[in-house]
Amino acid sequence: MRILVIEDEEGILSFVSRGLAAKGYAVEGATDGRQGLELGVRGGCDLVVLDLSLPALNGFDVLSGLAELRPELPVIVLSARSDLATKLRGFDLGAVDYMAKPFALDELLARVRAHLMRAKGAVDTGSVVHGTCVDLDVARRQAVIGDERRDLADREFHVLFELLAHEGEVVSREQLLAKVWGYAFDPGSNVVEVCIRRLRKRLGPEVAIETVRHAGYRLAA
């Protein structure tokens, strides 16, 4: 597995890179946003650790570019900015996780491992999950609507998988938080709502994800 670390502080870049390498990962580093985006889009990396305060191109622009050009690529934001508005903006732009500096290396390594396992897929990567209006190609991490294929970001993929697994039934917000986001997220945040909004936009009007008030969400059968 190859990890791309985009960080302009040489000391932090070296510290994180050494920690990842000690766990057997191949590591590539970038010290500015433009170089980081180019390396991420070029392919070859399986996960990105991204700082926000970068020269040449800021982290939000890098995140937006990666979400557009490589939506399947998990990105963990690692930033000194810890306010809620910044975190929510990061999630809205496609980050799968957010850690504030100062940070514990062991926790970062655990999150990297967890997101790589999720990206590989806990289900058979050769399978297709079938639904009434949409299918999910697990191997390619794409939604299939008729003859059209649409790439999905990491969170979108897992949310759609949960909704398809319970097609026609209500899936609660708490279920989605537990299954897709795990322990790392405050249940009082709006990350689920943001992801559902992005997923609806990605899938278009052909696929109806209904909001069931005070209950959760339902993929119409």
# chains A, B, ... in the order shown; residues from 1 in each chain; ligands from 1
$ residues_around --residues "A:Ile145" --least-positions-apart "4" --cutoff "9 Å" --atoms "only C-alpha atoms" --output "PyMOL selection string"
chain A and resi 133-136+149-150+203+206-207
$ select_by_dssp --residues "stretch 79-121 of chain A" --states "strand (DSSP E or B)" --output "count of residues only"
5
$ residues_around --residues "A:Tyr25" --least-positions-apart "4" --cutoff "6 Å" --atoms "only C-alpha atoms" --output "NGL selection string"
:A and (1-2 or 20-21)
$ residues_around --residues "A:Glu7" --least-positions-apart "6" --cutoff "6 Å" --atoms "only C-alpha atoms" --output "PyMOL selection string"
chain A and resi 13+31+51
$ closest_atom_pairs --of "stretch 17-54 of chain A" --to "stretch 99-121 of chain A" --cutoff "8 Å" --atoms "only C-alpha atoms" --output "tab-separated table"
residue	atom	partner	partner_atom	distance
A:Gly19	CA	A:Leu105	CA	7.2
A:Leu20	CA	A:Leu109	CA	7.0
A:Asp46	CA	A:Leu116	CA	7.4
A:Leu47	CA	A:Leu116	CA	7.1
$ write_last_selection --atoms "N, CA and C atoms" --output "tab-separated table (two decimals), in the first residue's frame"
chain	number	residue	atom	x	y	z
A	19	GLY	N	6.99	6.98	10.45
A	19	GLY	CA	6.02	6.13	11.15
A	19	GLY	C	5.28	5.20	10.21
A	20	LEU	N	4.88	5.73	9.06
A	20	LEU	CA	4.18	4.90	8.07
A	20	LEU	C	5.12	3.84	7.49
A	46	ASP	N	-2.78	4.90	-2.40
A	46	ASP	CA	-4.01	4.29	-1.92
A	46	ASP	C	-4.72	5.13	-0.88
A	47	LEU	N	-4.02	6.13	-0.32
A	47	LEU	CA	-4.59	7.00	0.70
A	47	LEU	C	-3.73	8.25	0.79
$ atom_distance --atom1 "atom CA of A:Gly29" --atom2 "atom CA of A:Glu10"
9.8 Å
$ atom_distance --atom1 "atom CA of A:Ser64" --atom2 "atom CA of A:Val96"
12.7 Å
$ atom_distance --atom1 "atom CA of A:Leu66" --atom2 "atom CA of A:Ala95"
9.7 Å
